[in-house]
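Note sheet for the following structure.
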Amino acid sequence: MGDGLVQARDLRKRFGGFEAVRGIDVDVAQGEVFGFLGPNGAGKSSTMRMIACVSPRTSGSLQVLGMDPDREGPRIRARLGVVPQLDNLDTELSVRENLEIYGRYFGLPRRHVRAKAAELLEFARLTERAEDRVEPLSGGMKRRLTIARSLVNDPELLLLDEPTTGLDPQARHLLWERLYQLKREGVTQIITTHYMDEAEQLCDRLVVMDGGVIVAEGSPAELIERWSTREVLELRFLPEERPAAGDLERYAERVELLPDRALLYTADGERSQVALHAAGLRPLSALVRRSTLEDVFLRLTGRTLVD
Amino acid sequence: MAIEERVPATRLAPATAPGWVHGVLLVVESFWRWYRRNWRATAVSSVLQPLLFLLAFGLGFGSLIASRPGAEAATGGVPYLVWLAPALLAMSTVQSAAFEMTYPVLSGFKWQRVYLGMAATPLTGAQIAVGHLVWVAAKMTLTGAVYLVLIAVFGGAASIGVLGSLAAAVLTGAAVAAPVMAFSASREDEGAAFNALFRFVVLPMTLFSGTFFPVAALPAWVQPLAWVSPLWHGTELARAAALGTGTAGAVLGHLAYLAALLAVGTGLSVRAFTRRLAP
């Protein structure tokens, strides 16, 4: 894996007495979209900040673009694009000024930055708002501007920390489409998210993190195949009629009882449902769906991703 | 085809990190661009307020004491306004240092988070801290020059030496700005400590640094406080330049004190920025 853009071995990060990242191995190859999936506090952002060369590692080894962040931070950052979890745009400047000023931080010539800003405005569909101040823009527009800004230096590696948190579905889909376009152009991306649909949509390969360690690794399809069944039967019962897990287990390979519903993991949801009905069990509602990464996460950690 | 149109095509060779001084200048440039767009908002505090001081004390108060015997002796024989003006220059830079290096610095980390955006680029914490400091010094020079023109218009500039006063004022402002920046960069709260800073450090400093009356007029036990005050050193320097009253030893002493404060403050700021931007 010598040509990986990111290579981490037994990577750790400690803040005082709290170890946020507890020894992870990561390899990200050229051109892939790699994801860190996990709940808040799993250690995703701490890992991301170490890769972004804005947080020194506590121990372990880390190579980004073939260099050591401890020694060559500025040189690595010159070739990275970073979309932080919280926007840090200058809200008192215009959309265009934000792009141009950011480009200058990389030491890029003024003329180049002006041309680049014009292109990125198109890319982010913000050309019409170019001269407006950032302050009154919608969350989705600010996020698009932040992504456009991260591309101002033509990064070889793009780091996106929770890129769509807090956005409405339309804004999310537009962002996903832009990220997908970048992938087609060959920009390697690392994404953290606690949205399983985002991870499934965008990532070629991902690791599931929990409590500072990696609990599973693979493509979304591989992870689902390995850790879950093809289908899931979701049942809701009246609280007093709710059966124990043991009573449901004969109808599925595995059962998870959540506060509001029961999940039956089975290859054929329809068949399980018929069998349940034949046995006289009457749920308030029953829904057959395909397994998702949410189910993988539940299986691996015993907890849901978003609570 | 449609894709082709939207793909960003302007590219350069793989980026390298700018050199140390270049990086500092890029930070200065960024603040300059911000200022060009937003200068009106700060013009009031950086020019109008010092102008009011000039009118109230230089002209108003000055006319009151002009007729008093002994006033000439205290000012070394020059009109009160001429005596006061270099000190007001130094006071205005110190006040703007305190203003520029408190809430705006904390905002760079906490609210607007512009420092965090910069830190994701090749720029380092040290370059960001020094760049912001250099910008504030440049801005002090700019607004100080405007103030100096106003002073001259009202007759407060008696010699070309006031240009030296401006240089002394900028040095004093920077010497105050650097440690205040370090202080602000290490605040985790919402800036509650700044009020204490303004009330118990900046305000007494402006009152008891020999701006409006000679320090010698203070009770003997208070005078050592003035010697600690960077504004007193700056005031003495600014006056020495404008009135030609300084001795080489005293001037070197004041310069050394302010330079040391600037160096220590800059070192502390660099450390605070580096820690906070790369935890």
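Residue numbering restarts at 1 for every chain of the structure tokens, chains are lettered A, B, ... in their displayed order, and ligands are numbered from 1 as they appear.
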
**Asked** Could you write out, as a ChimeraX atom specification, all the residues of stretch 110-304 of chain A that DSSP marks as helix (DSSP H, G or I)?
**Response** /A:110-123,127-129,139-150,169-184,196-202,220-227,239-241,245-251,269-278,293-301

Those residues you just picked out, can you put them in a file as a CSV table (one decimal), in the first residue's frame with C-alpha atoms?
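That gives us again.csv:
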chain,number,residue,atom,x,y,z
A,110,ARG,CA,-3.9,37.0,-7.9
A,111,ARG,CA,-4.8,36.5,-11.5
A,112,HIS,CA,-5.1,32.7,-11.1
A,113,VAL,CA,-7.2,33.1,-8.0
A,114,ARG,CA,-9.6,35.4,-9.8
A,115,ALA,CA,-10.1,33.0,-12.7
A,116,LYS,CA,-10.4,30.1,-10.3
A,117,ALA,CA,-13.0,31.9,-8.2
A,118,ALA,CA,-15.2,32.5,-11.3
A,119,GLU,CA,-15.1,28.8,-12.1
A,120,LEU,CA,-15.8,27.7,-8.6
A,121,LEU,CA,-18.8,30.0,-8.4
A,122,GLU,CA,-20.2,28.2,-11.4
A,123,PHE,CA,-19.4,24.9,-9.9
A,127,THR,CA,-22.5,33.0,-9.6
A,128,GLU,CA,-25.6,35.0,-9.2
A,129,ARG,CA,-24.8,35.6,-5.5
A,139,GLY,CA,-27.2,27.0,5.1
A,140,GLY,CA,-27.0,25.0,1.9
A,141,MET,CA,-25.4,27.9,0.0
A,142,LYS,CA,-22.9,28.5,2.7
A,143,ARG,CA,-22.0,24.8,2.6
A,144,ARG,CA,-21.6,24.9,-1.2
A,145,LEU,CA,-19.4,27.9,-0.8
A,146,THR,CA,-17.3,26.1,1.8
A,147,ILE,CA,-16.9,23.2,-0.6
A,148,ALA,CA,-16.0,25.5,-3.5
A,149,ARG,CA,-13.5,27.2,-1.2
A,150,SER,CA,-11.9,23.9,-0.4
A,169,PRO,CA,-32.9,17.1,1.8
A,170,GLN,CA,-32.8,19.2,-1.4
A,171,ALA,CA,-29.6,20.9,-0.3
A,172,ARG,CA,-28.1,17.5,0.6
A,173,HIS,CA,-28.8,16.0,-2.8
A,174,LEU,CA,-27.3,19.0,-4.6
A,175,LEU,CA,-24.2,18.6,-2.5
A,176,TRP,CA,-24.0,14.9,-3.1
A,177,GLU,CA,-24.3,15.5,-6.8
A,178,ARG,CA,-21.3,18.0,-6.6
A,179,LEU,CA,-19.2,15.5,-4.6
A,180,TYR,CA,-20.0,12.8,-7.1
A,181,GLN,CA,-18.9,15.0,-9.9
A,182,LEU,CA,-15.6,15.6,-8.1
A,183,LYS,CA,-15.2,11.9,-7.7
A,184,ARG,CA,-15.6,11.4,-11.5
A,196,MET,CA,-25.8,6.0,6.8
A,197,ASP,CA,-27.6,7.1,3.6
A,198,GLU,CA,-24.8,9.6,2.9
A,199,ALA,CA,-22.2,6.9,3.4
A,200,GLU,CA,-24.0,4.5,1.1
A,201,GLN,CA,-24.5,7.1,-1.5
A,202,LEU,CA,-21.0,8.5,-1.6
A,220,PRO,CA,-21.2,-0.5,1.9
A,221,ALA,CA,-22.5,-3.6,0.1
A,222,GLU,CA,-19.8,-5.8,1.7
A,223,LEU,CA,-20.6,-4.6,5.1
A,224,ILE,CA,-24.3,-5.2,4.7
A,225,GLU,CA,-23.7,-8.6,3.3
A,226,ARG,CA,-21.3,-9.6,6.0
A,227,TRP,CA,-23.0,-8.1,9.1
A,239,PRO,CA,-46.6,-1.6,24.4
A,240,GLU,CA,-48.7,-4.2,26.3
A,241,GLU,CA,-48.8,-6.6,23.4
A,245,ALA,CA,-37.3,-11.2,21.8
A,246,GLY,CA,-37.3,-14.9,22.4
A,247,ASP,CA,-40.8,-15.2,20.9
A,248,LEU,CA,-39.8,-13.5,17.7
A,249,GLU,CA,-36.5,-15.2,17.2
A,250,ARG,CA,-37.9,-18.3,15.5
A,251,TYR,CA,-39.1,-16.1,12.6
A,269,GLY,CA,-39.2,-10.4,5.1
A,270,GLU,CA,-42.4,-11.3,3.4
A,271,ARG,CA,-42.1,-15.0,4.4
A,272,SER,CA,-41.3,-14.1,8.0
A,273,GLN,CA,-44.3,-11.8,8.1
A,274,VAL,CA,-46.6,-14.5,6.8
A,275,ALA,CA,-45.3,-16.9,9.4
A,276,LEU,CA,-45.8,-14.4,12.2
A,277,HIS,CA,-49.4,-13.8,11.1
A,278,ALA,CA,-50.0,-17.6,11.0
A,293,LEU,CA,-25.6,0.5,7.1
A,294,GLU,CA,-27.7,1.5,10.1
A,295,ASP,CA,-28.4,-2.2,10.6
A,296,VAL,CA,-24.7,-3.0,10.3
A,297,PHE,CA,-23.9,-0.4,12.9
A,298,LEU,CA,-26.6,-1.7,15.2
A,299,ARG,CA,-25.3,-5.2,14.9
A,300,LEU,CA,-21.7,-4.1,15.6
A,301,THR,CA,-22.3,-1.7,18.5

**Asked** Near A:Pro84, counting only C-alpha atoms, which residues have an atom at most 8 Å away, once you skip same-chain residues fewer than 5 positions from it, shown as JSON, numbers by chain?
**Response** {"A": [160, 161, 162, 163]}

**Item:** Residue neighbourhood B:Gln112, 12 Å, only C-alpha atoms, exclusion window fewer than 3 positions, as a PyMOL selection string
**Value:** (chain A and resi 86-93+134-135) or (chain B and resi 103-109+115-118)

**Message:** Would you pick out the contacts of stretch 158-162 of chain B at 8 Å or less, using only C-alpha atoms, so that residues sharing its chain but fewer than 4 positions from it are not included, and give the list as a list in words?
**Reply:**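 Everything that qualifies: Val82, Pro86, Leu148, Leu166, Ala238, Ala241, Ala242, Leu243 and Gly244 of chain B.
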
**Contacts of A:Gly66 within 12 Å, only C-alpha atoms, excl. fewer than 6 positions in-chain, as a list of chain:residue names** =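 The filter keeps A:Met1, A:Gly2, A:Asp3, A:Gly4, A:Leu5, A:Val6, A:Gln7, A:Ala8, A:Asp27, A:Val28, A:Ala29, A:Gln30, A:Ile51, A:Glu72, A:Gly73, A:Arg75, A:Ile76, A:Arg79.
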
Could you save those same residues with C-alpha atoms as a compact mmCIF listing (two decimals), in the first residue's frame?
# COMPACT_ATOMS: atom_id res chain seq x y z
CA MET A 1 0.00 0.00 0.00
CA GLY A 2 2.95 2.30 -0.60
CA ASP A 3 1.06 4.55 -3.02
CA GLY A 4 -1.84 5.28 -0.63
CA LEU A 5 -2.69 8.94 -0.11
CA VAL A 6 -3.23 8.28 3.57
CA GLN A 7 -1.62 5.55 5.61
CA ALA A 8 -2.14 5.27 9.35
CA ASP A 27 -5.34 3.17 4.06
CA VAL A 28 -6.91 5.48 1.51
CA ALA A 29 -6.05 4.86 -2.13
CA GLN A 30 -5.84 7.35 -4.97
CA ILE A 51 -5.12 13.77 8.60
CA GLU A 72 5.69 18.72 6.74
CA GLY A 73 2.30 20.06 7.82
CA ARG A 75 3.52 21.31 2.56
CA ILE A 76 0.79 18.71 2.98
CA ARG A 79 -2.30 20.06 -1.40
